[in-house]
>>> print(open('structure38.csv').read())   # CSV, C-alpha atoms and all ligand atoms
chain,number,residue,atom,x,y,z
N,6,MET,CA,-58.9,-45.4,-44.4
N,7,GLU,CA,-61.4,-42.7,-45.1
N,8,LYS,CA,-60.3,-39.3,-43.8
N,9,ILE,CA,-62.3,-37.6,-41.0
N,10,LYS,CA,-64.2,-34.7,-42.6
N,11,VAL,CA,-64.3,-31.3,-41.0
N,12,GLY,CA,-66.2,-28.0,-41.4
N,13,VAL,CA,-64.9,-24.7,-39.9
N,14,ILE,CA,-67.2,-21.9,-38.9
N,15,GLY,CA,-65.4,-18.5,-38.9
N,16,THR,CA,-62.2,-17.7,-40.7
N,17,GLY,CA,-60.8,-14.5,-39.0
N,18,PHE,CA,-57.5,-14.8,-37.2
N,19,ILE,CA,-57.9,-18.2,-35.6
N,20,GLY,CA,-59.9,-20.3,-38.1
N,21,PRO,CA,-57.1,-20.5,-40.7
N,22,THR,CA,-54.6,-21.6,-37.9
N,23,HIS,CA,-56.9,-24.6,-37.1
N,24,ILE,CA,-57.1,-25.4,-40.8
N,25,GLU,CA,-53.3,-25.4,-41.2
N,26,ALA,CA,-52.8,-27.5,-38.1
N,27,ILE,CA,-55.4,-30.1,-39.3
N,28,ARG,CA,-53.7,-30.2,-42.7
N,29,ARG,CA,-50.5,-31.4,-41.1
N,30,LEU,CA,-52.2,-34.5,-39.7
N,31,GLY,CA,-52.8,-36.5,-42.9
N,32,PHE,CA,-55.9,-38.4,-41.7
N,33,VAL,CA,-58.3,-35.4,-41.5
N,34,GLU,CA,-59.6,-33.2,-44.2
N,35,VAL,CA,-61.2,-29.8,-44.0
N,36,VAL,CA,-64.0,-30.1,-46.6
N,37,ALA,CA,-66.1,-26.9,-45.9
N,38,LEU,CA,-66.1,-23.5,-44.3
N,39,ALA,CA,-68.9,-21.2,-43.3
N,40,GLU,CA,-68.8,-17.4,-43.2
N,41,THR,CA,-71.3,-14.6,-42.7
N,42,SER,CA,-72.2,-14.4,-46.4
N,43,GLN,CA,-71.9,-16.6,-49.4
N,44,GLU,CA,-69.6,-14.1,-51.0
N,45,ALA,CA,-67.3,-14.0,-47.9
N,46,ALA,CA,-67.4,-17.8,-47.7
N,47,GLU,CA,-66.4,-18.3,-51.4
N,48,LYS,CA,-63.6,-15.8,-51.2
N,49,LYS,CA,-62.1,-17.5,-48.1
N,50,ALA,CA,-62.7,-21.0,-49.5
N,51,ALA,CA,-60.8,-20.0,-52.7
N,52,GLU,CA,-57.9,-18.4,-50.6
N,53,LEU,CA,-57.6,-21.4,-48.3
N,54,GLY,CA,-58.3,-24.1,-50.9
N,55,ILE,CA,-61.4,-25.5,-49.3
N,56,PRO,CA,-63.9,-27.3,-51.6
N,57,LYS,CA,-67.2,-26.2,-50.1
N,58,ALA,CA,-68.3,-22.7,-49.0
N,59,TYR,CA,-71.4,-22.0,-47.0
N,60,GLY,CA,-72.8,-18.5,-46.4
N,61,ASN,CA,-75.0,-19.9,-43.6
N,62,TYR,CA,-73.4,-22.3,-41.0
N,63,ARG,CA,-76.8,-23.9,-40.4
N,64,GLU,CA,-76.6,-25.4,-43.9
N,65,MET,CA,-73.1,-26.7,-43.2
N,66,LEU,CA,-74.4,-28.4,-40.1
N,67,GLN,CA,-76.8,-30.4,-42.3
N,68,ASP,CA,-73.9,-31.6,-44.5
N,69,ARG,CA,-73.9,-35.4,-43.8
N,70,ASP,CA,-70.3,-35.7,-44.9
N,71,ILE,CA,-69.0,-33.6,-42.0
N,72,HIS,CA,-68.1,-35.4,-38.8
N,73,VAL,CA,-66.5,-32.6,-36.8
N,74,VAL,CA,-67.2,-28.8,-36.7
N,75,HIS,CA,-64.8,-26.1,-35.4
N,76,ASN,CA,-66.4,-23.1,-33.9
N,77,CYS,CA,-64.0,-20.2,-34.6
N,78,THR,CA,-66.5,-17.4,-34.4
N,79,PRO,CA,-66.4,-14.3,-32.1
N,80,ASN,CA,-67.1,-15.0,-28.4
N,81,HIS,CA,-70.8,-14.0,-28.3
N,82,LEU,CA,-71.6,-16.7,-30.9
N,83,HIS,CA,-69.8,-19.6,-29.1
N,84,PHE,CA,-72.7,-20.7,-26.9
N,85,ALA,CA,-75.5,-20.7,-29.5
N,86,ILE,CA,-73.4,-22.3,-32.3
N,87,ASN,CA,-71.8,-24.9,-30.0
N,88,LYS,CA,-75.3,-25.9,-29.0
N,89,GLU,CA,-76.4,-26.3,-32.6
N,90,ILE,CA,-73.3,-28.3,-33.5
N,91,ILE,CA,-74.0,-30.8,-30.7
N,92,LEU,CA,-77.7,-31.0,-31.7
N,93,ALA,CA,-76.6,-31.7,-35.3
N,94,GLY,CA,-74.8,-34.8,-33.9
N,95,LYS,CA,-71.3,-33.5,-34.8
N,96,HIS,CA,-68.1,-33.7,-32.7
N,97,VAL,CA,-67.0,-30.2,-31.8
N,98,ILE,CA,-63.9,-28.1,-31.2
N,99,SER,CA,-64.7,-24.7,-29.8
N,100,GLU,CA,-62.6,-21.6,-29.4
N,101,LYS,CA,-62.4,-20.2,-25.9
N,102,PRO,CA,-64.1,-18.8,-24.0
N,103,LEU,CA,-66.6,-21.6,-24.3
N,104,ALA,CA,-69.6,-19.3,-23.7
N,105,MET,CA,-70.4,-15.9,-22.2
N,106,ASN,CA,-70.8,-17.1,-18.6
N,107,SER,CA,-70.7,-20.2,-16.5
N,108,GLU,CA,-74.4,-20.9,-16.6
N,109,GLU,CA,-74.1,-21.2,-20.4
N,110,SER,CA,-70.9,-23.3,-20.2
N,111,ALA,CA,-72.6,-25.7,-17.7
N,112,GLU,CA,-75.5,-26.1,-20.1
N,113,LEU,CA,-73.1,-26.9,-23.0
N,114,LEU,CA,-71.1,-29.4,-21.0
N,115,GLU,CA,-74.3,-31.2,-20.0
N,116,LEU,CA,-75.6,-31.2,-23.6
N,117,ALA,CA,-72.4,-32.5,-25.1
N,118,GLU,CA,-72.3,-35.3,-22.5
N,119,LYS,CA,-75.9,-36.2,-23.1
N,120,HIS,CA,-75.3,-36.5,-26.9
N,121,GLY,CA,-72.1,-38.4,-26.5
N,122,VAL,CA,-70.1,-36.2,-28.9
N,123,VAL,CA,-66.4,-35.7,-28.5
N,124,HIS,CA,-65.9,-32.1,-27.3
N,125,GLY,CA,-62.7,-30.0,-27.2
N,126,VAL,CA,-61.8,-26.5,-26.3
N,127,ASN,CA,-58.7,-24.9,-27.9
N,128,PHE,CA,-56.6,-24.5,-24.8
N,129,ASN,CA,-53.5,-24.9,-27.0
N,130,TYR,CA,-50.7,-23.9,-24.6
N,131,ARG,CA,-50.9,-27.1,-22.6
N,132,GLN,CA,-50.0,-28.9,-25.8
N,133,HIS,CA,-46.5,-27.4,-26.0
N,134,ALA,CA,-43.9,-30.2,-25.6
N,135,SER,CA,-42.2,-28.3,-22.8
N,136,VAL,CA,-45.5,-27.9,-21.0
N,137,GLN,CA,-46.2,-31.6,-21.3
N,138,ASN,CA,-42.7,-32.3,-20.0
N,139,LEU,CA,-43.4,-30.0,-17.0
N,140,HIS,CA,-46.6,-31.8,-16.3
N,141,ALA,CA,-44.8,-35.1,-16.3
N,142,MET,CA,-42.1,-33.6,-14.0
N,143,VAL,CA,-44.7,-32.5,-11.5
N,144,VAL,CA,-46.4,-35.9,-11.6
N,145,ASN,CA,-43.1,-37.7,-11.1
N,146,GLY,CA,-42.4,-35.6,-8.1
N,147,ASP,CA,-39.3,-33.9,-9.5
N,148,LEU,CA,-40.3,-30.5,-8.0
N,149,GLY,CA,-41.4,-31.9,-4.7
N,150,LYS,CA,-44.6,-30.4,-3.3
N,151,VAL,CA,-45.8,-27.5,-5.4
N,152,ASN,CA,-46.1,-24.5,-3.1
N,153,LEU,CA,-46.2,-21.4,-5.4
N,154,VAL,CA,-47.4,-20.7,-9.0
N,155,HIS,CA,-46.9,-17.2,-10.4
N,156,GLY,CA,-46.6,-15.5,-13.8
N,157,SER,CA,-48.3,-13.5,-16.4
N,158,TYR,CA,-49.7,-13.3,-19.9
N,159,LEU,CA,-48.7,-10.1,-21.6
N,160,GLN,CA,-49.5,-8.8,-25.1
N,161,ASP,CA,-49.3,-5.3,-26.7
N,162,TRP,CA,-51.7,-5.4,-29.6
N,163,LEU,CA,-54.2,-3.1,-27.7
N,164,LEU,CA,-51.6,-0.6,-26.5
N,165,PHE,CA,-52.5,2.4,-28.7
N,166,GLU,CA,-55.9,4.2,-28.5
N,167,THR,CA,-56.3,3.5,-32.2
N,168,ASP,CA,-56.1,-0.3,-31.5
N,169,PHE,CA,-59.7,-1.4,-31.7
N,170,ASN,CA,-61.2,-4.8,-32.2
N,171,TRP,CA,-64.5,-6.7,-31.7
N,172,ARG,CA,-63.1,-8.2,-28.5
N,173,LEU,CA,-63.4,-4.8,-26.8
N,174,ALA,CA,-67.2,-4.6,-27.0
N,175,PRO,CA,-68.9,-6.6,-24.2
N,176,GLU,CA,-71.9,-7.6,-26.3
N,177,VAL,CA,-69.5,-9.3,-28.8
N,178,GLY,CA,-66.3,-10.1,-26.8
N,179,GLY,CA,-68.1,-10.7,-23.4
N,180,LYS,CA,-68.1,-8.8,-20.1
N,181,SER,CA,-64.5,-9.8,-19.4
N,182,ARG,CA,-61.8,-9.2,-22.1
N,183,ALA,CA,-58.2,-9.8,-21.0
N,184,VAL,CA,-59.2,-12.3,-18.3
N,185,ALA,CA,-61.5,-14.4,-20.5
N,186,ASP,CA,-59.3,-14.0,-23.6
N,187,ILE,CA,-55.8,-14.7,-22.2
N,188,GLY,CA,-56.2,-15.2,-18.4
N,189,SER,CA,-58.2,-18.3,-19.3
N,190,HIS,CA,-55.1,-19.7,-21.1
N,191,TRP,CA,-52.8,-18.9,-18.1
N,192,CYS,CA,-55.2,-20.6,-15.7
N,193,ASP,CA,-55.8,-23.6,-17.9
N,194,THR,CA,-52.0,-24.1,-18.5
N,195,VAL,CA,-51.0,-23.9,-14.8
N,196,GLN,CA,-53.9,-26.1,-13.7
N,197,TYR,CA,-52.9,-28.7,-16.3
N,198,VAL,CA,-49.2,-28.6,-15.3
N,199,THR,CA,-49.8,-28.8,-11.5
N,200,GLY,CA,-53.0,-31.0,-11.7
N,201,LYS,CA,-54.5,-28.6,-9.1
N,202,ARG,CA,-57.7,-26.6,-9.5
N,203,ILE,CA,-57.9,-22.9,-8.7
N,204,VAL,CA,-60.6,-22.6,-6.0
N,205,GLU,CA,-60.5,-19.0,-4.8
N,206,VAL,CA,-59.5,-15.7,-6.3
N,207,PHE,CA,-58.9,-12.0,-5.4
N,208,ALA,CA,-58.8,-9.7,-8.4
N,209,ASP,CA,-57.9,-6.2,-9.4
N,210,LEU,CA,-59.0,-5.3,-12.9
N,211,ALA,CA,-58.4,-2.0,-14.8
N,212,THR,CA,-59.0,-0.4,-18.2
N,213,VAL,CA,-55.8,1.3,-18.9
N,214,VAL,CA,-57.1,2.8,-22.2
N,215,PRO,CA,-60.6,3.9,-21.3
N,216,VAL,CA,-61.4,5.7,-24.6
N,217,ARG,CA,-60.4,4.2,-28.0
N,218,LYS,CA,-60.6,5.5,-31.5
N,219,LYS,CA,-62.6,3.0,-33.5
N,220,ALA,CA,-61.8,2.9,-37.3
N,221,LYS,CA,-64.8,3.0,-39.5
N,222,ASN,CA,-63.6,-0.2,-41.3
N,223,THR,CA,-63.0,-3.5,-39.4
N,224,ILE,CA,-59.6,-4.4,-38.1
N,225,ALA,CA,-58.7,-8.0,-37.5
N,226,THR,CA,-56.9,-9.2,-34.3
N,227,PHE,CA,-53.1,-8.6,-34.4
N,228,SER,CA,-53.3,-6.8,-37.8
N,229,ALA,CA,-51.3,-3.7,-38.5
N,230,GLN,CA,-53.0,-0.6,-39.8
N,231,ASN,CA,-52.1,2.6,-41.6
N,232,ILE,CA,-53.2,5.2,-39.0
N,233,GLU,CA,-53.2,8.2,-41.4
N,234,GLU,CA,-55.6,6.5,-43.8
N,235,GLN,CA,-58.3,5.7,-41.2
N,236,GLU,CA,-61.5,7.6,-40.1
N,237,TYR,CA,-62.3,7.2,-36.4
N,238,GLU,CA,-65.0,7.6,-33.8
N,239,ASP,CA,-64.4,7.8,-30.1
N,240,VAL,CA,-65.7,4.8,-28.1
N,241,SER,CA,-65.7,4.4,-24.3
N,242,ILE,CA,-64.3,1.1,-23.2
N,243,ASN,CA,-65.6,-0.8,-20.1
N,244,THR,CA,-63.8,-4.1,-20.4
N,245,GLU,CA,-60.5,-4.7,-18.7
N,246,ASP,CA,-57.1,-4.6,-20.6
N,247,TYR,CA,-55.2,-5.4,-17.3
N,248,ALA,CA,-55.8,-7.7,-14.4
N,249,SER,CA,-53.8,-9.0,-11.4
N,250,VAL,CA,-55.3,-11.9,-9.6
N,251,LEU,CA,-54.3,-13.7,-6.4
N,252,VAL,CA,-55.2,-17.3,-6.5
N,253,ARG,CA,-55.5,-20.2,-4.1
N,254,PHE,CA,-55.3,-23.8,-5.3
N,255,GLU,CA,-57.3,-26.7,-3.9
N,256,ASP,CA,-54.5,-28.0,-1.8
N,257,GLY,CA,-53.6,-24.6,-0.3
N,258,ALA,CA,-50.8,-23.8,-2.8
N,259,ARG,CA,-50.7,-20.0,-3.5
N,260,GLY,CA,-50.3,-18.1,-6.7
N,261,VAL,CA,-50.7,-14.8,-8.5
N,262,PHE,CA,-50.9,-13.8,-12.2
N,263,THR,CA,-51.1,-10.6,-14.2
N,264,VAL,CA,-52.7,-10.3,-17.7
N,265,SER,CA,-52.3,-7.3,-19.9
N,266,GLN,CA,-52.9,-6.4,-23.5
N,267,VAL,CA,-51.2,-3.0,-23.2
N,268,SER,CA,-47.5,-4.1,-22.4
N,269,ALA,CA,-45.3,-2.7,-25.2
N,270,GLY,CA,-42.9,-5.3,-26.6
N,271,ARG,CA,-44.7,-8.3,-25.1
N,272,LYS,CA,-46.4,-10.1,-28.1
N,273,ASN,CA,-47.7,-13.3,-26.7
N,274,ARG,CA,-45.8,-13.8,-23.5
N,275,LEU,CA,-47.5,-16.4,-21.4
N,276,SER,CA,-45.1,-17.3,-18.7
N,277,PHE,CA,-45.1,-19.0,-15.3
N,278,GLU,CA,-42.8,-20.1,-12.5
N,279,ILE,CA,-43.6,-23.0,-10.2
N,280,ASN,CA,-41.7,-23.2,-6.8
N,281,GLY,CA,-41.8,-26.7,-5.3
N,282,SER,CA,-40.3,-28.0,-2.1
N,283,GLN,CA,-37.3,-29.5,-4.1
N,284,SER,CA,-36.9,-27.3,-7.1
N,285,SER,CA,-38.4,-24.6,-9.3
N,286,VAL,CA,-39.3,-24.4,-13.0
N,287,PHE,CA,-39.9,-21.4,-15.3
N,288,TRP,CA,-41.4,-21.4,-18.9
N,289,ASN,CA,-42.1,-18.6,-21.3
N,290,GLN,CA,-44.3,-19.2,-24.4
N,291,GLU,CA,-42.2,-16.8,-26.5
N,292,GLU,CA,-39.2,-19.1,-26.1
N,293,PRO,CA,-41.0,-22.4,-25.8
N,294,GLU,CA,-38.1,-24.7,-26.3
N,295,LYS,CA,-36.4,-23.5,-23.1
N,296,LEU,CA,-37.2,-24.9,-19.7
N,297,TRP,CA,-35.5,-23.3,-16.7
N,298,ILE,CA,-35.0,-25.6,-13.8
N,299,GLY,CA,-33.9,-24.0,-10.5
N,300,HIS,CA,-32.1,-25.7,-7.6
N,301,ARG,CA,-31.2,-24.6,-4.1
N,302,ASP,CA,-28.0,-26.7,-3.7
N,303,ARG,CA,-26.6,-27.1,-7.2
N,304,ALA,CA,-26.3,-25.1,-10.4
N,305,ASN,CA,-29.5,-24.2,-12.2
N,306,GLU,CA,-30.2,-25.8,-15.6
N,307,ILE,CA,-31.7,-24.9,-19.0
N,308,LEU,CA,-33.3,-27.9,-20.6
N,309,LEU,CA,-33.7,-27.5,-24.3
N,310,ALA,CA,-36.6,-29.4,-25.8
N,311,ASP,CA,-35.4,-32.7,-27.2
N,312,PRO,CA,-37.1,-36.1,-27.4
N,313,SER,CA,-34.1,-37.8,-25.8
N,314,LEU,CA,-34.0,-35.5,-22.8
N,315,PHE,CA,-37.8,-35.3,-22.2
N,316,THR,CA,-39.7,-37.6,-20.0
N,317,PRO,CA,-41.2,-40.6,-21.9
N,318,GLU,CA,-44.7,-39.1,-21.3
N,319,ALA,CA,-43.8,-35.9,-23.1
N,320,ARG,CA,-42.0,-37.4,-26.0
N,321,SER,CA,-45.0,-37.8,-28.2
N,322,ALA,CA,-45.5,-34.0,-28.1
N,323,ILE,CA,-42.2,-33.3,-29.7
N,324,HIS,CA,-41.6,-34.2,-33.3
N,325,HIS,CA,-38.0,-33.1,-34.1
N,326,PRO,CA,-34.6,-33.3,-32.4
N,327,GLY,CA,-33.4,-30.5,-30.1
N,328,GLY,CA,-32.5,-27.3,-31.9
N,329,HIS,CA,-35.2,-27.8,-34.5
N,330,ASN,CA,-37.4,-25.4,-32.6
N,331,GLU,CA,-41.1,-26.2,-32.2
N,332,GLY,CA,-43.5,-23.5,-31.2
N,333,TRP,CA,-47.1,-22.1,-31.3
N,334,PRO,CA,-48.2,-23.8,-34.6
N,335,ASP,CA,-46.8,-27.1,-33.3
N,336,ALA,CA,-48.7,-26.9,-30.0
N,337,LEU,CA,-51.9,-26.3,-32.0
N,338,LYS,CA,-51.0,-29.3,-34.2
N,339,ASN,CA,-50.6,-31.4,-31.0
N,340,MET,CA,-54.1,-30.3,-29.9
N,341,MET,CA,-55.6,-31.4,-33.3
N,342,LEU,CA,-53.5,-34.6,-33.3
N,343,ASN,CA,-54.7,-35.6,-29.8
N,344,PHE,CA,-58.4,-34.7,-30.5
N,345,TYR,CA,-58.6,-36.4,-33.9
N,346,SER,CA,-56.7,-39.5,-32.8
N,347,PHE,CA,-59.3,-39.8,-30.1
N,348,VAL,CA,-62.1,-39.5,-32.7
N,349,ARG,CA,-60.4,-41.8,-35.2
N,350,ASP,CA,-59.9,-44.5,-32.5
N,351,GLY,CA,-63.6,-44.4,-31.6
N,352,LYS,CA,-62.9,-43.3,-28.1
N,353,SER,CA,-65.6,-41.9,-25.8
N,354,LEU,CA,-65.2,-39.1,-23.2
N,355,LYS,CA,-67.4,-41.3,-21.0
N,356,THR,CA,-64.8,-44.0,-20.6
N,357,ASP,CA,-61.5,-42.7,-22.0
N,358,LYS,CA,-59.1,-40.0,-20.7
N,359,PRO,CA,-58.5,-37.3,-23.3
N,360,ASN,CA,-55.1,-35.6,-23.9
N,361,PHE,CA,-56.8,-32.3,-24.8
N,362,ALA,CA,-59.0,-29.8,-23.0
N,363,THR,CA,-62.7,-30.6,-23.1
N,364,PHE,CA,-65.9,-28.6,-22.5
N,365,GLU,CA,-65.4,-29.5,-18.8
N,366,ASP,CA,-62.1,-27.5,-18.9
N,367,GLY,CA,-63.9,-24.8,-20.8
N,368,HIS,CA,-66.6,-24.7,-18.1
N,369,ILE,CA,-64.0,-24.6,-15.3
N,370,SER,CA,-62.4,-21.7,-17.0
N,371,MET,CA,-65.7,-19.8,-17.3
N,372,CYS,CA,-66.3,-20.4,-13.6
N,373,ILE,CA,-62.9,-18.9,-12.8
N,374,THR,CA,-63.6,-15.9,-15.0
N,375,ASP,CA,-67.0,-15.3,-13.3
N,376,ALA,CA,-65.3,-15.5,-9.9
N,377,ILE,CA,-62.6,-13.0,-11.0
N,378,LEU,CA,-65.2,-10.5,-12.2
N,379,GLU,CA,-67.2,-10.9,-9.0
N,380,SER,CA,-64.1,-10.5,-6.8
N,381,ASN,CA,-63.1,-7.3,-8.6
N,382,GLN,CA,-66.6,-5.9,-8.2
N,383,GLN,CA,-66.8,-6.8,-4.5
N,384,GLN,CA,-63.1,-6.3,-3.7
N,385,LYS,CA,-62.9,-9.6,-1.7
N,386,TRP,CA,-61.9,-13.2,-2.0
N,387,VAL,CA,-64.5,-15.2,-4.1
N,388,LYS,CA,-64.7,-19.0,-4.3
N,389,VAL,CA,-64.8,-20.6,-7.8
N,390,GLN,CA,-68.1,-22.4,-8.1
N,391,ALA,CA,-67.2,-25.2,-10.6
N,392,GLY,CA,-70.1,-27.5,-10.2
N,393,LYS,CA,-72.2,-28.4,-13.3
N,394,GLU,CA,-75.3,-26.7,-11.8
N,401,LIG,C1,-55.7,-12.5,-28.8
N,401,LIG,O1,-55.5,-12.0,-27.5
N,401,LIG,C2,-55.3,-13.9,-28.9
N,401,LIG,O2,-55.5,-14.2,-30.3
N,401,LIG,C3,-56.2,-14.9,-28.1
N,401,LIG,O3,-57.6,-14.8,-28.4
N,401,LIG,C4,-55.7,-16.3,-28.3
N,401,LIG,O4,-56.5,-17.2,-27.6
N,401,LIG,C5,-54.2,-16.3,-27.9
N,401,LIG,O5,-53.7,-17.6,-28.1
N,401,LIG,C6,-53.4,-15.4,-28.7
N,401,LIG,O6,-54.0,-14.1,-28.6
>>> encode(input="structure38.csv", output="structure tokens", more="lines below")
Ligand code: SOE
Amino acid sequence: MEKIKVGVIGTGFIGPTHIEAIRRLGFVEVVALAETSQEAAEKKAAELGIPKAYGNYREMLQDRDIHVVHNCTPNHLHFAINKEIILAGKHVISEKPLAMNSEESAELLELAEKHGVVHGVNFNYRQHASVQNLHAMVVNGDLGKVNLVHGSYLQDWLLFETDFNWRLAPEVGGKSRAVADIGSHWCDTVQYVTGKRIVEVFADLATVVPVRKKAKNTIATFSAQNIEEQEYEDVSINTEDYASVLVRFEDGARGVFTVSQVSAGRKNRLSFEINGSQSSVFWNQEEPEKLWIGHRDRANEILLADPSLFTPEARSAIHHPGGHNEGWPDALKNMMLNFYSFVRDGKSLKTDKPNFATFEDGHISMCITDAILESNQQQKWVKVQAGKE
């Protein structure tokens, strides 16, 4: 069978991780990449072993060999480029946030549905085998009624004042930073696990580091730098690096989460606990193979990820026996596997249920972010308006 051919726009931190995940599938091939100049594109294509390099993504969108395009560009380009990908008739996987606000994400969802393309958003954390298992446990009633959902998503890559990155500038990263960047993952993951939508929020946002030293040369996300060798300029920061948000779910369940990108020692710690009427569960992305299950009337358990111990629904998300740990790259591989199997099998989002986050989830996420920003500004509860208006 002919492989599904793919083009990737943007090859900073995240683009190459998509490419690696796709390469593990076998039935999909990355044939092209696009960068901001021909020189940059050729350099990256040589590094990553990709046959075609485009200095202009619009030319890549005209390449008739390409069936699917990944949008791995900075946030402010997501909306416009996603639109062009859809209008070029290609299936699309976009990085989150889907757009800069919920009006734009609503427009994208409508356009993608109208053109009948398969659309995905890279909410990769729901693809961890343990998270899939948790989802099945909730559906099977193992926890009883879900009452409380609480947790955090903590990182430290913006702790020092010399940590600077395009995500900090509202015109490039968006008017929300930590909430849109990582709060979006937390909300998507817990909504997926519980099957409940967040419908109301009360938020407190802060900028812990209000002035940063911006290096004259560009620094990529998560990259280390030699501080002595840099020249800096002072830049005032007005996007949040911290937020705590009270949330209410559609059935009245309550929750709260904290996001921070200034928490020393926490690298990529998305964690949550769910308290049900029968038992509790806790999961932490930095130790993804461990699932804590808490009981009132017997000893608590640690369930190590293993195909023979997981629910039948979650088994397809785990590829090795217990102890052969699977983590972040494997969850991303699952995202790609589910998306590309859907495309390969000729399925349609009009009639078939996807096992990956779509533009609808991306739009819901934008609506939550908008409500959080409004709540922080007005210091009151704000309802999440998640219609397609
Ligand atoms: C930076 O905070 C970042 O790369 C996010 O943009 C990703 O979505 C997250 O998965 C890891 O951290």
>>> closest_atom_pairs(input="structure38.csv", of="chain N", to="ligand LIG 401 (chain N)", cutoff="7 Å", atoms="only C-alpha atoms and all ligand atoms", output="Markdown table")
| residue | atom | partner | partner_atom | distance |
| --- | --- | --- | --- | --- |
| N:Lys101 | CA | N:LIG401 | O4 | 6.8 |
| N:Asp186 | CA | N:LIG401 | O3 | 5.2 |
| N:Ile187 | CA | N:LIG401 | C3 | 5.9 |
| N:Thr226 | CA | N:LIG401 | C1 | 6.5 |
| N:Asn273 | CA | N:LIG401 | C6 | 6.4 |
>>> closest_atom_pairs(input="structure38.csv", of="stretch 33-108 of chain N", to="stretch 362-385 of chain N", cutoff="12 Å", atoms="all atoms listed in the file", output="tab-separated table")
residue	atom	partner	partner_atom	distance
N:His83	CA	N:Gly367	CA	11.4
N:Phe84	CA	N:Phe364	CA	11.3
N:Asn87	CA	N:Phe364	CA	10.2
N:Lys88	CA	N:Phe364	CA	11.7
N:Ile91	CA	N:Phe364	CA	11.7
N:His96	CA	N:Thr363	CA	11.4
N:Val97	CA	N:Phe364	CA	9.5
N:Ile98	CA	N:Thr363	CA	8.6
N:Ser99	CA	N:Phe364	CA	8.4
N:Glu100	CA	N:Gly367	CA	9.3
N:Lys101	CA	N:Gly367	CA	7.0
N:Pro102	CA	N:Gly367	CA	6.8
N:Leu103	CA	N:Gly367	CA	5.5
N:Ala104	CA	N:Met371	CA	7.5
N:Met105	CA	N:Met371	CA	7.8
N:Asn106	CA	N:Met371	CA	5.9
N:Ser107	CA	N:Met371	CA	5.1
N:Glu108	CA	N:Cys372	CA	8.7
>>> closest_residue(input="structure38.csv", among="N:Gly94, N:Gly54, N:Gly188, N:Pro317", to="N:Asn145", atoms="only C-alpha atoms")
N:Pro317
>>> residues_around(input="structure38.csv", residues="N:Ile279", least_positions_apart="2", cutoff="8 Å", atoms="all atoms listed in the file", output="PyMOL selection string")
chain N and resi 151-155+277+281+285-287
>>> residues_around(input="structure38.csv", residues="stretch 307-315 of chain N", least_positions_apart="2", cutoff="8 Å", atoms="only C-alpha atoms", output="VMD selection string")
chain N and resid 134 to 135 138 294 to 298 305 317 to 320 323 to 328 330
>>> residues_around(input="structure38.csv", residues="N:Lys388", least_positions_apart="5", cutoff="8 Å", atoms="only C-alpha atoms", output="PDB file with C-alpha atoms, keeping the file's coordinate frame")
ATOM      1  CA  VAL N 204     -60.600 -22.600  -6.000  1.00  0.00           C
ATOM      2  CA  GLU N 205     -60.500 -19.000  -4.800  1.00  0.00           C
ATOM      3  CA  VAL N 206     -59.500 -15.700  -6.300  1.00  0.00           C
ATOM      4  CA  ALA N 376     -65.300 -15.500  -9.900  1.00  0.00           C
TER       5      ALA N 376
END
>>> atom_distance(input="structure38.csv", atom1="atom CA of N:Glu47", atom2="atom CA of N:Gly15")
12.5 Å
>>> closest_residue(input="structure38.csv", among="N:Tyr62, N:Phe207, N:Trp386, N:Phe169", to="N:Tyr237", atoms="all atoms listed in the file")
N:Phe169
>>> residues_near_point(input="structure38.csv", point="(-42.1, -32.5, -3.6)", cutoff="10 Å", atoms="only C-alpha atoms", output="PyMOL selection string")
chain N and resi 143-152+280-284
>>> atom_distance(input="structure38.csv", atom1="atom CA of N:Val252", atom2="atom CA of N:Cys192")
9.8 Å
>>> atom_distance(input="structure38.csv", atom1="atom CA of N:Trp162", atom2="atom CA of N:Lys272")
7.2 Å
>>> closest_residue(input="structure38.csv", among="N:Ile9, N:Gly60, N:Gly121, N:Lys95", to="N:Leu354", atoms="only C-alpha atoms")
N:Gly121
>>> closest_residue(input="structure38.csv", among="N:Ala258, N:Ile242, N:Leu53, N:Leu275", to="N:His190", atoms="only C-alpha atoms")
N:Leu275
>>> closest_residue(input="structure38.csv", among="N:Arg274, N:Val123, N:Val261, N:Val36", to="N:Arg69", atoms="all atoms listed in the file")
N:Val36
>>> closest_residue(input="structure38.csv", among="N:Val267, N:Glu255, N:Gly178, N:Met341", to="N:Val389", atoms="all atoms listed in the file")
N:Glu255
>>> residues_near_point(input="structure38.csv", point="(-57.2, -40.7, -31.0)", cutoff="12 Å", atoms="only C-alpha atoms", output="ChimeraX atom specification")
/N:9,30,32-33,123,339-354,357-361
>>> build_atoms(input="structure38.csv", residues="stretch 208-212 of chain N", atoms="N, CA and C atoms", output="CSV table (one decimal), in the frame of the given file")
chain,number,residue,atom,x,y,z
N,208,ALA,N,-59.2,-10.4,-7.1
N,208,ALA,CA,-58.8,-9.7,-8.4
N,208,ALA,C,-58.8,-8.2,-8.4
N,209,ASP,N,-57.9,-7.6,-9.1
N,209,ASP,CA,-57.9,-6.2,-9.4
N,209,ASP,C,-57.8,-6.0,-10.9
N,210,LEU,N,-58.9,-5.4,-11.4
N,210,LEU,CA,-59.0,-5.3,-12.9
N,210,LEU,C,-58.9,-3.8,-13.2
N,211,ALA,N,-58.4,-3.4,-14.4
N,211,ALA,CA,-58.4,-2.0,-14.8
N,211,ALA,C,-58.5,-1.9,-16.3
N,212,THR,N,-59.0,-0.7,-16.7
N,212,THR,CA,-59.0,-0.4,-18.2
N,212,THR,C,-58.0,0.7,-18.3
